[in-house]
$ cat model-v6.cif   # mmCIF, C-alpha atoms
data_run
loop_
_atom_site.label_atom_id
_atom_site.label_comp_id
_atom_site.auth_asym_id
_atom_site.auth_seq_id
_atom_site.Cartn_x
_atom_site.Cartn_y
_atom_site.Cartn_z
CA MET A 1 9.03 -30.69 -4.31
CA THR A 2 6.80 -30.45 -7.36
CA LEU A 3 7.24 -29.14 -10.87
CA ILE A 4 3.97 -28.21 -12.58
CA VAL A 5 3.68 -27.30 -16.25
CA GLU A 6 0.36 -25.94 -17.48
CA ASN A 7 -0.80 -25.16 -21.02
CA LEU A 8 2.77 -24.75 -22.26
CA GLY A 9 3.14 -23.74 -25.88
CA CYS A 10 6.16 -23.20 -28.09
CA VAL A 11 6.35 -21.25 -31.34
CA ARG A 12 9.57 -21.00 -33.38
CA GLN A 13 9.83 -18.82 -36.49
CA GLU A 14 6.02 -18.46 -36.53
CA ARG A 15 5.64 -22.28 -36.53
CA ILE A 16 3.69 -23.89 -33.71
CA ILE A 17 5.95 -26.61 -32.31
CA PHE A 18 3.58 -27.78 -29.58
CA SER A 19 0.72 -26.38 -27.56
CA ASP A 20 -1.22 -27.06 -24.36
CA VAL A 21 1.36 -29.34 -22.79
CA ASN A 22 0.50 -30.20 -19.18
CA PHE A 23 2.29 -32.36 -16.64
CA THR A 24 3.22 -32.57 -12.98
CA VAL A 25 6.40 -34.21 -11.73
CA LYS A 26 7.02 -34.81 -8.03
CA ALA A 27 10.13 -35.73 -6.05
CA GLY A 28 11.18 -39.27 -6.89
CA GLN A 29 9.45 -39.20 -10.27
CA ALA A 30 10.74 -38.90 -13.80
CA LEU A 31 9.19 -37.59 -17.00
CA TRP A 32 10.19 -39.28 -20.23
CA VAL A 33 9.68 -36.87 -23.13
CA LYS A 34 9.18 -38.81 -26.30
CA GLY A 35 8.35 -37.88 -29.85
CA ARG A 36 9.42 -37.90 -33.45
CA ASN A 37 12.06 -35.53 -34.78
CA GLY A 38 10.83 -31.93 -34.78
CA THR A 39 8.07 -32.41 -32.24
CA GLY A 40 9.82 -30.09 -29.76
CA LYS A 41 11.49 -32.39 -27.21
CA SER A 42 14.60 -30.21 -26.98
CA SER A 43 12.52 -27.02 -27.08
CA LEU A 44 10.37 -28.23 -24.16
CA LEU A 45 13.44 -29.05 -22.06
CA ARG A 46 15.11 -25.74 -23.01
CA ILE A 47 11.97 -23.85 -21.97
CA ILE A 48 12.00 -25.56 -18.58
CA ALA A 49 15.75 -24.86 -18.30
CA GLN A 50 14.96 -21.15 -18.88
CA LEU A 51 16.92 -21.08 -22.14
CA LEU A 52 13.85 -20.42 -24.29
CA LYS A 53 10.76 -18.36 -23.65
CA PRO A 54 7.46 -20.19 -24.07
CA ALA A 55 4.75 -18.78 -26.32
CA SER A 56 2.16 -19.55 -23.66
CA GLY A 57 1.65 -21.35 -20.38
CA GLN A 58 3.05 -21.50 -16.90
CA ILE A 59 5.81 -23.40 -15.13
CA SER A 60 5.57 -23.61 -11.34
CA TRP A 61 8.14 -24.88 -8.89
CA GLN A 62 7.16 -25.09 -5.22
CA GLN A 63 4.01 -23.03 -6.01
CA LYS A 64 6.08 -20.21 -7.54
CA ASP A 65 6.00 -19.19 -11.19
CA VAL A 66 9.55 -19.83 -12.42
CA LEU A 67 9.08 -17.53 -15.43
CA ASP A 68 8.49 -14.61 -13.06
CA GLU A 69 10.90 -15.67 -10.31
CA PRO A 70 13.59 -17.76 -11.98
CA VAL A 71 16.49 -17.22 -9.53
CA GLU A 72 15.61 -19.91 -6.97
CA PHE A 73 14.66 -22.43 -9.67
CA LEU A 74 17.91 -21.83 -11.59
CA LYS A 75 19.89 -23.05 -8.57
CA ARG A 76 17.92 -26.28 -8.38
CA PHE A 77 18.52 -27.96 -11.72
CA GLU A 78 21.31 -29.27 -13.88
CA TYR A 79 20.71 -29.22 -17.63
CA ILE A 80 22.56 -31.49 -20.03
CA GLY A 81 21.96 -30.37 -23.61
CA HIS A 82 22.82 -31.81 -27.01
CA LEU A 83 26.32 -30.32 -26.95
CA ASP A 84 28.98 -31.58 -24.56
CA ALA A 85 29.92 -28.20 -23.02
CA LEU A 86 33.49 -29.39 -22.63
CA LYS A 87 36.63 -27.44 -23.47
CA THR A 88 38.71 -29.67 -25.68
CA SER A 89 42.08 -28.31 -24.55
CA MET A 90 41.22 -29.08 -20.93
CA THR A 91 40.94 -32.49 -19.29
CA PRO A 92 37.61 -33.89 -18.01
CA ARG A 93 38.87 -33.28 -14.45
CA GLU A 94 39.65 -29.63 -15.26
CA ASN A 95 36.28 -29.18 -16.97
CA LEU A 96 34.46 -30.67 -13.97
CA SER A 97 36.56 -28.63 -11.59
CA PHE A 98 35.55 -25.45 -13.44
CA TRP A 99 31.85 -26.28 -13.33
CA ALA A 100 32.04 -27.26 -9.67
CA LYS A 101 33.69 -23.91 -8.84
CA TYR A 102 31.29 -22.02 -11.11
CA ARG A 103 28.08 -23.64 -9.98
CA GLY A 104 29.06 -25.48 -6.77
CA PRO A 105 28.94 -27.64 -4.73
CA ASN A 106 32.14 -29.51 -5.44
CA ASN A 107 31.88 -33.28 -5.82
CA ILE A 108 34.40 -34.01 -8.57
CA GLU A 109 36.02 -37.23 -7.38
CA ALA A 110 32.63 -38.87 -6.79
CA ALA A 111 31.56 -37.79 -10.30
CA ILE A 112 34.68 -39.26 -11.90
CA GLU A 113 34.14 -42.51 -10.05
CA ALA A 114 30.40 -42.69 -10.76
CA PHE A 115 30.84 -42.32 -14.52
CA LYS A 116 33.99 -44.45 -14.59
CA ILE A 117 36.17 -41.84 -16.23
CA GLU A 118 39.17 -42.30 -13.90
CA GLU A 119 41.41 -43.53 -16.69
CA ILE A 120 40.62 -40.64 -19.04
CA ALA A 121 40.16 -37.89 -16.45
CA ASP A 122 43.60 -36.37 -17.03
CA PHE A 123 43.76 -36.51 -20.84
CA PRO A 124 42.68 -33.56 -22.98
CA VAL A 125 39.04 -33.85 -24.07
CA ARG A 126 40.10 -33.52 -27.70
CA SER A 127 41.67 -37.00 -27.49
CA LEU A 128 38.48 -38.69 -26.23
CA SER A 129 35.81 -40.62 -28.14
CA ALA A 130 32.22 -39.33 -28.45
CA GLY A 131 31.05 -41.72 -25.71
CA GLN A 132 33.86 -40.71 -23.37
CA LYS A 133 33.03 -37.04 -23.95
CA LYS A 134 29.38 -37.76 -23.21
CA ARG A 135 30.26 -39.46 -19.91
CA SER A 136 32.58 -36.59 -19.00
CA ASN A 137 29.72 -34.18 -19.62
CA LEU A 138 27.16 -36.30 -17.73
CA ALA A 139 29.59 -36.42 -14.78
CA ARG A 140 28.56 -32.81 -14.16
CA LEU A 141 25.30 -34.22 -12.72
CA ILE A 142 27.27 -35.69 -9.82
CA ALA A 143 30.01 -33.04 -9.65
CA CYS A 144 27.42 -30.27 -9.16
CA PRO A 145 24.57 -32.16 -7.43
CA SER A 146 21.10 -30.70 -7.93
CA LYS A 147 17.56 -31.88 -7.26
CA ILE A 148 16.29 -31.60 -10.83
CA TRP A 149 17.98 -33.21 -13.80
CA ILE A 150 16.95 -31.95 -17.24
CA LEU A 151 18.52 -34.24 -19.81
CA ASP A 152 18.34 -33.92 -23.58
CA GLU A 153 19.42 -37.16 -25.26
CA PRO A 154 21.63 -38.20 -22.32
CA ILE A 155 22.40 -41.66 -23.67
CA SER A 156 23.30 -40.78 -27.26
CA SER A 157 26.84 -42.03 -28.00
CA LEU A 158 26.81 -44.36 -24.96
CA ASP A 159 27.21 -48.11 -25.35
CA VAL A 160 24.86 -50.62 -23.68
CA HIS A 161 27.11 -50.98 -20.63
CA PHE A 162 27.19 -47.25 -19.94
CA ILE A 163 23.46 -46.85 -20.66
CA ASP A 164 22.87 -49.35 -17.84
CA LEU A 165 25.32 -47.46 -15.62
CA PHE A 166 23.57 -44.16 -16.36
CA THR A 167 20.14 -45.72 -15.72
CA ASP A 168 21.35 -46.95 -12.31
CA LEU A 169 22.58 -43.44 -11.46
CA LEU A 170 19.25 -41.97 -12.57
CA ARG A 171 17.38 -44.47 -10.38
CA ALA A 172 19.61 -43.59 -7.41
CA HIS A 173 18.92 -39.89 -8.01
CA LEU A 174 15.17 -40.50 -7.99
CA GLU A 175 15.36 -42.72 -4.90
CA ASP A 176 17.28 -39.92 -3.23
CA GLY A 177 14.30 -37.59 -3.70
CA GLY A 178 15.37 -35.93 -6.93
CA LEU A 179 13.30 -35.58 -10.06
CA ALA A 180 14.27 -35.87 -13.69
CA LEU A 181 12.99 -34.88 -17.11
CA TYR A 182 14.66 -36.61 -20.01
CA ALA A 183 14.21 -36.88 -23.75
CA THR A 184 15.39 -40.12 -25.30
CA HIS A 185 14.29 -42.40 -28.12
CA GLN A 186 14.91 -45.41 -25.89
CA ASP A 187 13.12 -46.60 -22.73
CA LEU A 188 15.43 -46.33 -19.69
CA GLU A 189 13.42 -48.75 -17.54
CA ILE A 190 12.75 -46.36 -14.69
CA ASP A 191 10.00 -47.44 -12.27
CA ASP A 192 8.14 -44.23 -11.48
CA VAL A 193 8.12 -42.58 -14.88
CA GLN A 194 5.45 -40.62 -16.75
CA LEU A 195 5.42 -40.62 -20.50
CA LEU A 196 4.89 -37.38 -22.40
CA ASN A 197 4.51 -38.16 -26.07
CA LEU A 198 4.87 -34.86 -27.93
CA ASP A 199 3.48 -36.43 -31.11
CA GLU A 200 0.09 -35.86 -29.48
CA TYR A 201 0.62 -32.15 -28.99
CA THR A 202 1.69 -31.16 -32.48
CA GLY A 203 1.08 -31.96 -36.10
CA ALA A 204 4.80 -31.94 -36.93
CA GLY A 205 5.30 -35.64 -36.50
CA SER A 206 2.22 -36.83 -38.36
CA MET B 1 32.47 -13.86 -6.62
CA SER B 2 34.04 -17.32 -6.79
CA ALA B 3 32.09 -18.02 -10.00
CA PHE B 4 33.49 -14.79 -11.49
CA TYR B 5 37.08 -15.78 -10.67
CA ALA B 6 36.49 -19.37 -11.81
CA LEU B 7 35.36 -18.13 -15.24
CA LEU B 8 38.16 -15.55 -15.46
CA LYS B 9 40.74 -18.19 -14.55
CA ARG B 10 39.30 -20.70 -17.02
CA ASP B 11 39.35 -18.21 -19.90
CA LEU B 12 42.95 -17.22 -19.09
CA ARG B 13 43.92 -20.89 -18.95
CA LEU B 14 42.25 -21.51 -22.33
CA ALA B 15 44.01 -18.47 -23.83
CA TYR B 16 47.34 -19.79 -22.50
CA ARG B 17 46.70 -23.33 -23.80
CA GLN B 18 45.52 -22.09 -27.21
CA GLY B 19 48.42 -19.65 -27.26
CA SER B 20 48.40 -19.28 -31.04
CA ALA B 21 45.70 -16.58 -30.97
CA VAL B 22 47.64 -14.41 -28.54
CA THR B 23 50.90 -14.96 -30.44
CA LEU B 24 49.22 -14.08 -33.75
CA THR B 25 47.71 -10.92 -32.27
CA LEU B 26 51.07 -9.84 -30.95
CA ALA B 27 52.79 -10.72 -34.24
CA PHE B 28 50.15 -8.78 -36.21
CA PHE B 29 50.63 -5.74 -33.97
CA ILE B 30 54.41 -5.81 -34.34
CA ILE B 31 54.34 -6.35 -38.12
CA ALA B 32 51.57 -3.81 -38.81
CA VAL B 33 53.28 -1.12 -36.74
CA THR B 34 56.79 -1.75 -38.12
CA LEU B 35 55.47 -1.53 -41.69
CA PHE B 36 54.83 2.19 -41.24
CA PRO B 37 58.47 3.30 -40.80
CA LEU B 38 59.29 1.22 -43.89
CA GLY B 39 56.45 2.86 -45.82
CA VAL B 40 56.87 6.51 -44.87
CA GLY B 41 60.68 6.51 -44.77
CA PRO B 42 63.29 7.12 -42.08
CA GLU B 43 62.48 10.81 -41.46
CA LEU B 44 62.56 10.90 -37.62
CA ALA B 45 60.30 13.96 -37.28
CA VAL B 46 57.62 12.34 -39.45
CA LEU B 47 57.83 9.07 -37.51
CA ALA B 48 57.54 10.87 -34.18
CA ARG B 49 54.53 12.77 -35.55
CA ILE B 50 52.61 9.68 -36.73
CA GLY B 51 53.90 7.25 -34.06
CA PRO B 52 51.21 7.67 -31.39
CA GLY B 53 48.41 7.31 -33.94
CA VAL B 54 50.00 4.28 -35.61
CA LEU B 55 50.51 2.51 -32.28
CA TRP B 56 46.95 3.19 -31.12
CA VAL B 57 45.44 2.11 -34.46
CA GLY B 58 47.69 -0.97 -34.45
CA ALA B 59 46.51 -1.92 -30.95
CA LEU B 60 42.91 -1.31 -31.93
CA LEU B 61 43.09 -3.50 -35.06
CA SER B 62 45.06 -6.23 -33.28
CA CYS B 63 42.41 -6.35 -30.58
CA LEU B 64 39.78 -7.05 -33.27
CA LEU B 65 41.54 -10.25 -34.32
CA THR B 66 40.55 -12.13 -31.17
CA LEU B 67 37.22 -10.46 -30.42
CA ASP B 68 35.09 -12.62 -32.70
CA ARG B 69 35.98 -15.69 -30.60
CA LEU B 70 35.07 -13.99 -27.32
CA TYR B 71 31.77 -15.88 -27.04
CA GLN B 72 31.76 -17.96 -30.22
CA ALA B 73 33.76 -20.93 -28.89
CA ASP B 74 31.49 -21.16 -25.85
CA TYR B 75 28.42 -20.81 -28.08
CA GLU B 76 29.53 -23.57 -30.45
CA ASP B 77 30.38 -26.15 -27.80
CA GLY B 78 27.28 -25.52 -25.65
CA THR B 79 29.21 -23.91 -22.77
CA LEU B 80 27.53 -20.53 -23.22
CA GLU B 81 24.03 -21.79 -22.40
CA GLN B 82 25.43 -23.60 -19.36
CA LEU B 83 27.16 -20.39 -18.23
CA MET B 84 23.95 -18.44 -18.74
CA LYS B 85 21.99 -20.53 -16.28
CA GLY B 86 24.77 -20.47 -13.70
CA PRO B 87 24.77 -18.47 -10.48
CA LEU B 88 26.58 -15.51 -12.04
CA PRO B 89 24.36 -12.74 -13.49
CA LEU B 90 24.91 -12.60 -17.24
CA GLU B 91 26.35 -9.08 -17.01
CA LEU B 92 29.06 -10.29 -14.60
CA MET B 93 29.74 -13.28 -16.83
CA VAL B 94 30.34 -10.79 -19.67
CA LEU B 95 32.69 -8.77 -17.44
CA ALA B 96 34.68 -11.88 -16.50
CA LYS B 97 35.11 -12.83 -20.16
CA VAL B 98 35.99 -9.25 -21.16
CA ALA B 99 38.57 -9.07 -18.36
CA ALA B 100 40.13 -12.33 -19.54
CA HIS B 101 40.21 -11.03 -23.12
CA TRP B 102 41.87 -7.78 -22.05
CA ILE B 103 44.49 -9.57 -19.95
CA SER B 104 45.28 -12.21 -22.57
CA SER B 105 45.00 -10.19 -25.81
CA VAL B 106 45.40 -6.47 -25.04
CA LEU B 107 47.83 -6.38 -22.12
CA PRO B 108 50.63 -8.06 -24.16
CA LEU B 109 50.20 -5.30 -26.79
CA ILE B 110 50.58 -2.62 -24.10
CA LEU B 111 53.72 -4.32 -22.77
CA ILE B 112 55.36 -4.42 -26.20
CA ALA B 113 54.22 -0.90 -27.19
CA PRO B 114 57.17 0.96 -25.53
CA VAL B 115 59.65 -1.06 -27.59
CA LEU B 116 57.78 -0.23 -30.79
CA ALA B 117 57.45 3.41 -29.71
CA ILE B 118 61.26 3.68 -29.70
CA THR B 119 61.31 2.78 -33.41
CA PHE B 120 59.06 5.82 -33.99
CA ASN B 121 61.48 8.14 -32.18
CA ILE B 122 58.86 9.00 -29.55
CA VAL B 123 60.45 10.74 -26.55
CA ALA B 124 60.53 9.02 -23.14
CA ASP B 125 57.69 11.14 -21.70
CA GLY B 126 55.57 10.29 -24.72
CA ILE B 127 56.28 6.56 -24.30
CA TRP B 128 55.13 6.50 -20.67
CA VAL B 129 52.00 8.45 -21.52
CA LEU B 130 51.37 6.06 -24.44
CA VAL B 131 51.49 3.13 -22.02
CA LEU B 132 49.32 5.01 -19.52
CA SER B 133 46.77 5.99 -22.17
CA LEU B 134 46.61 2.40 -23.43
CA LEU B 135 46.20 1.08 -19.88
CA ILE B 136 43.37 3.52 -19.18
CA GLY B 137 41.67 3.48 -22.58
CA SER B 138 42.17 -0.03 -23.96
CA PRO B 139 39.55 -1.71 -21.73
CA VAL B 140 37.04 0.20 -23.89
CA LEU B 141 38.25 -1.84 -26.87
CA SER B 142 37.36 -5.12 -25.18
CA LEU B 143 34.16 -3.77 -23.64
CA ILE B 144 32.70 -2.28 -26.84
CA GLY B 145 34.02 -5.24 -28.80
CA SER B 146 32.08 -7.57 -26.51
CA ILE B 147 28.82 -6.06 -27.78
CA GLY B 148 29.78 -6.77 -31.39
CA ALA B 149 31.01 -10.24 -30.45
CA ALA B 150 27.70 -10.98 -28.71
CA LEU B 151 25.64 -9.69 -31.65
CA THR B 152 27.56 -11.83 -34.15
CA VAL B 153 28.01 -14.90 -31.94
CA ALA B 154 25.63 -17.07 -33.96
CA MET B 155 26.99 -15.96 -37.33
CA ARG B 156 29.60 -17.80 -39.30
CA ARG B 157 32.28 -15.40 -40.50
CA GLY B 158 30.83 -12.65 -38.35
CA GLY B 159 34.29 -11.13 -37.93
CA VAL B 160 33.92 -8.64 -40.80
CA LEU B 161 30.52 -7.48 -39.62
CA LEU B 162 31.89 -7.22 -36.10
CA SER B 163 34.70 -4.94 -37.34
CA LEU B 164 32.28 -2.76 -39.31
CA MET B 165 29.99 -2.41 -36.32
CA ILE B 166 32.51 -1.57 -33.65
CA LEU B 167 35.34 0.28 -35.42
CA PRO B 168 33.31 3.54 -35.60
CA LEU B 169 32.64 3.21 -31.87
CA TYR B 170 36.40 3.10 -31.21
CA ILE B 171 36.90 6.60 -32.65
CA PRO B 172 36.52 8.60 -29.37
CA VAL B 173 38.99 6.44 -27.48
CA LEU B 174 41.43 6.64 -30.40
CA ILE B 175 41.18 10.46 -30.53
CA PHE B 176 41.76 10.98 -26.79
CA GLY B 177 44.42 8.25 -26.57
CA VAL B 178 46.50 9.79 -29.36
CA ALA B 179 45.85 13.32 -28.08
CA ALA B 180 47.26 12.38 -24.66
CA VAL B 181 50.53 11.14 -26.18
CA GLU B 182 50.82 14.15 -28.48
CA ALA B 183 50.21 16.45 -25.51
CA ALA B 184 53.04 14.74 -23.60
CA ILE B 185 55.40 15.09 -26.58
CA SER B 186 54.46 18.78 -26.90
CA LEU B 187 54.89 19.27 -23.11
CA LEU B 188 51.21 20.16 -22.69
CA ALA B 189 48.83 18.98 -19.96
CA ILE B 190 47.91 15.31 -20.39
CA SER B 191 45.42 14.95 -17.55
CA PRO B 192 42.32 16.20 -19.47
CA HIS B 193 42.85 13.56 -22.16
CA LEU B 194 43.52 10.80 -19.65
CA MET B 195 40.48 11.80 -17.62
CA LEU B 196 38.31 11.67 -20.74
CA LEU B 197 39.76 8.24 -21.53
CA GLY B 198 38.98 7.17 -17.97
CA GLY B 199 35.45 8.50 -18.37
CA LEU B 200 34.98 6.51 -21.56
CA THR B 201 36.25 3.37 -19.83
CA LEU B 202 33.94 3.85 -16.86
CA GLY B 203 30.99 4.54 -19.16
CA ALA B 204 31.74 1.43 -21.18
CA LEU B 205 32.19 -0.57 -17.98
CA VAL B 206 28.68 0.37 -16.91
CA LEU B 207 26.85 0.10 -20.25
CA CYS B 208 28.58 -2.59 -22.29
CA PRO B 209 27.93 -5.60 -20.00
CA PHE B 210 24.18 -4.91 -20.17
CA ALA B 211 24.19 -4.50 -23.96
CA SER B 212 26.32 -7.64 -24.44
CA ALA B 213 24.14 -9.66 -22.05
CA ALA B 214 20.98 -8.63 -23.93
CA ALA B 215 22.57 -9.64 -27.25
CA LEU B 216 23.66 -13.00 -25.82
CA ARG B 217 20.15 -13.72 -24.53
CA LEU B 218 18.80 -13.14 -28.04
CA ALA B 219 21.49 -15.33 -29.60
CA VAL B 220 20.89 -18.31 -27.32
CA GLU B 221 17.11 -18.19 -27.87
#

$ encode --input "model-v6.cif" --output "structure tokens"
Amino acid sequence: MTLIVENLGCVRQERIIFSDVNFTVKAGQALWVKGRNGTGKSSLLRIIAQLLKPASGQISWQQKDVLDEPVEFLKRFEYIGHLDALKTSMTPRENLSFWAKYRGPNNIEAAIEAFKIEEIADFPVRSLSAGQKKRSNLARLIACPSKIWILDEPISSLDVHFIDLFTDLLRAHLEDGGLALYATHQDLEIDDVQLLNLDEYTGAGS
Amino acid sequence: MSAFYALLKRDLRLAYRQGSAVTLTLAFFIIAVTLFPLGVGPELAVLARIGPGVLWVGALLSCLLTLDRLYQADYEDGTLEQLMKGPLPLELMVLAKVAAHWISSVLPLILIAPVLAITFNIVADGIWVLVLSLLIGSPVLSLIGSIGAALTVAMRRGGVLLSLMILPLYIPVLIFGVAAVEAAISLLAISPHLMLLGGLTLGALVLCPFASAAALRLAVE
């Protein structure tokens, strides 16, 4: 299980965000995407999540070009973006239940337990704090298990205790043969992690 | 299809929980339509003459009130991009959302229309054909509206632009919908008008999901 990115480039509004990005991530490994604001961390993750088209380059998954044949790859990853993707009039349990039915498979109770949201699982999302919303959103990683986790600022709004909890879950995912790509400003202390510093691929941060 | 039903059920649940939008749509429809008898006077023949058109235009304008939120709420909270990479083809996702919009926002208008039709002195045959024409033709309102909603999803206050874009496209369905009711009142054949309405609905059912999906892809990028 290998994800290969070759010569990836991103252009937004005629501005080169980054170019010639290359990396390979295998099962059990993580890629930490680092960089200053505006260097394209979110854009890189969105390109891999098939939400943005790259200006150049190739993304391969199991020797297949995912830009040409995205269907199989789309089933394999879970993407957590900047926004919480939660409906505020529904409870975290209802939100997770929807995603589990929409994407499958269904692992809601384990997700609620893993992210310790039992006590807030049946209150409307609108009544939760930013950190509680973040955990409710991250719980989707367990509720709809997938081999690849693509995480954009997964620990923003989390306190130290829940950052440790999330790091443990990420380690368990990697030990279980999964792979992860994450953009954070903070080191998550993962053993088998590659660093991709986007400051080196663009002039935006300099 | 479980993803389709999951999305349909979620959107209906959200519409029920945020009931104010549906209530406002219904209230707008009732108020807008009942203003006409007050404006044109109590002449029963005049009311019966304008009734079908007023009810169809009222339904059409009421439908517009909720269309701008069809994708916008999902776009703003990040749900839309999650839906787009789900197992459901984007065109089917559009259909699920359009179906939920029709059930939650348009169907209540159709159910209340016979009561309002009575205030316009429309005969019983005309009332049933009005309901039938709305049932057959009104999905076009949600389907065409979904294209406008998708094109304006990333715009703040896109509602006015949405109305300007899609109102002209509603003209055929309005013409045949009103013509069917008028034919029933005049004891003429209604089937040609209803068949044309059905044709418009089927055409929109085939084309609109693709157009909306293409617009959504552009918006998310």

$ resolve_selection --input "model-v6.cif" --expression "the PyMOL selection byres ((chain A and resi 76) around 6)" --output "list in words"
Phe73, Leu74, Lys75, Phe77, Ser146 and Lys147 of chain A

$ interface_residues --input "model-v6.cif" --of "chain B" --to "chain A" --cutoff "10 Å" --atoms "all atoms listed in the file" --output "PyMOL selection string"
chain B and resi 1-7+9-10+13-14+17-18+73-89+217-218+220-221

$ atom_distance --input "model-v6.cif" --atom1 "CA of Cys144 (chain A)" --atom2 "CA of Pro92 (chain A)"
14.0 Å

$ atom_distance --input "model-v6.cif" --atom1 "CA of Ala149 (chain B)" --atom2 "CA of Gly177 (chain B)"
23.2 Å

$ atom_distance --input "model-v6.cif" --atom1 "CA of Leu188 (chain A)" --atom2 "CA of Ile163 (chain A)"
8.1 Å

$ residues_around --input "model-v6.cif" --residues "region 119-131 of chain B" --least-positions-apart "6" --cutoff "10 Å" --atoms "all atoms listed in the file" --output "VMD selection string"
chain B and resid 33 to 34 36 to 37 42 to 52 54 to 56 109 to 113 137 177 to 187 190 194

$ resolve_selection --input "model-v6.cif" --expression "the PyMOL selection byres ((chain A and resi 167-177) around 7)" --output "VMD selection string"
chain A and resid 27 to 29 163 to 166 178 to 179 188 190

$ closest_residue --input "model-v6.cif" --among "A:Ile17, A:Lys34, A:Cys10, A:Gln62" --to "Asp187 (chain A)" --atoms "only C-alpha atoms"
A:Lys34

$ resolve_selection --input "model-v6.cif" --expression "the PyMOL selection byres ((chain A and resi 122) around 10)" --output "list in words"
Met90, Thr91, Pro92, Arg93, Glu94, Ile117, Glu118, Glu119, Ile120, Ala121, Phe123, Pro124 and Val125 of chain A

$ residues_around --input "model-v6.cif" --residues "Gly203 (chain B)" --least-positions-apart "5" --cutoff "12 Å" --atoms "all atoms listed in the file" --output "number ranges by chain"
B: 137, 139-140, 143-144, 173, 196-198, 208-210

$ closest_residue --input "model-v6.cif" --among "B:Leu205, B:Val57, B:Leu26, B:Ile147" --to "Ala99 (chain B)" --atoms "only C-alpha atoms"
B:Leu205

$ residues_around --input "model-v6.cif" --residues "Leu61 (chain B)" --least-positions-apart "6" --cutoff "10 Å" --atoms "only C-alpha atoms" --output "list in words"
Thr25, Phe28, Phe29, Ala32, Leu55, Leu141, Ser163 and Leu167 of chain B

$ build_atoms --input "model-v6.cif" --residues "region 32-47 of chain A" --atoms "N, CA and C atoms" --output "PDB file, in the coordinates of the input"
ATOM      1  N   TRP A  32       9.510 -38.881 -18.998  1.00  0.00           N
ATOM      2  CA  TRP A  32      10.190 -39.280 -20.230  1.00  0.00           C
ATOM      3  C   TRP A  32       9.505 -38.550 -21.391  1.00  0.00           C
ATOM      4  N   VAL A  33      10.227 -37.631 -22.008  1.00  0.00           N
ATOM      5  CA  VAL A  33       9.680 -36.870 -23.130  1.00  0.00           C
ATOM      6  C   VAL A  33      10.038 -37.615 -24.415  1.00  0.00           C
ATOM      7  N   LYS A  34       9.003 -37.982 -25.116  1.00  0.00           N
ATOM      8  CA  LYS A  34       9.180 -38.810 -26.300  1.00  0.00           C
ATOM      9  C   LYS A  34       8.564 -38.098 -27.494  1.00  0.00           C
ATOM     10  N   GLY A  35       8.965 -38.457 -28.656  1.00  0.00           N
ATOM     11  CA  GLY A  35       8.350 -37.880 -29.850  1.00  0.00           C
ATOM     12  C   GLY A  35       9.250 -37.992 -31.052  1.00  0.00           C
ATOM     13  N   ARG A  36       8.621 -37.823 -32.216  1.00  0.00           N
ATOM     14  CA  ARG A  36       9.420 -37.900 -33.450  1.00  0.00           C
ATOM     15  C   ARG A  36      10.298 -36.659 -33.567  1.00  0.00           C
ATOM     16  N   ASN A  37      11.204 -36.699 -34.536  1.00  0.00           N
ATOM     17  CA  ASN A  37      12.060 -35.530 -34.780  1.00  0.00           C
ATOM     18  C   ASN A  37      11.207 -34.310 -35.084  1.00  0.00           C
ATOM     19  N   GLY A  38      11.539 -33.181 -34.490  1.00  0.00           N
ATOM     20  CA  GLY A  38      10.830 -31.930 -34.780  1.00  0.00           C
ATOM     21  C   GLY A  38       9.572 -31.716 -33.982  1.00  0.00           C
ATOM     22  N   THR A  39       9.304 -32.590 -33.020  1.00  0.00           N
ATOM     23  CA  THR A  39       8.070 -32.410 -32.240  1.00  0.00           C
ATOM     24  C   THR A  39       8.304 -31.515 -31.020  1.00  0.00           C
ATOM     25  N   GLY A  40       9.565 -31.097 -30.797  1.00  0.00           N
ATOM     26  CA  GLY A  40       9.820 -30.090 -29.760  1.00  0.00           C
ATOM     27  C   GLY A  40      10.347 -30.639 -28.443  1.00  0.00           C
ATOM     28  N   LYS A  41      10.961 -31.818 -28.464  1.00  0.00           N
ATOM     29  CA  LYS A  41      11.490 -32.390 -27.210  1.00  0.00           C
ATOM     30  C   LYS A  41      12.564 -31.456 -26.614  1.00  0.00           C
ATOM     31  N   SER A  42      13.512 -31.091 -27.468  1.00  0.00           N
ATOM     32  CA  SER A  42      14.600 -30.210 -26.980  1.00  0.00           C
ATOM     33  C   SER A  42      14.044 -28.855 -26.589  1.00  0.00           C
ATOM     34  N   SER A  43      13.090 -28.341 -27.386  1.00  0.00           N
ATOM     35  CA  SER A  43      12.520 -27.020 -27.080  1.00  0.00           C
ATOM     36  C   SER A  43      11.820 -27.042 -25.731  1.00  0.00           C
ATOM     37  N   LEU A  44      11.077 -28.121 -25.449  1.00  0.00           N
ATOM     38  CA  LEU A  44      10.370 -28.230 -24.160  1.00  0.00           C
ATOM     39  C   LEU A  44      11.383 -28.199 -23.012  1.00  0.00           C
ATOM     40  N   LEU A  45      12.447 -29.001 -23.139  1.00  0.00           N
ATOM     41  CA  LEU A  45      13.440 -29.050 -22.060  1.00  0.00           C
ATOM     42  C   LEU A  45      14.169 -27.709 -21.929  1.00  0.00           C
ATOM     43  N   ARG A  46      14.425 -27.052 -23.047  1.00  0.00           N
ATOM     44  CA  ARG A  46      15.110 -25.740 -23.010  1.00  0.00           C
ATOM     45  C   ARG A  46      14.205 -24.677 -22.368  1.00  0.00           C
ATOM     46  N   ILE A  47      12.898 -24.797 -22.611  1.00  0.00           N
ATOM     47  CA  ILE A  47      11.970 -23.850 -21.970  1.00  0.00           C
ATOM     48  C   ILE A  47      12.016 -24.042 -20.453  1.00  0.00           C
TER      49      ILE A  47
END
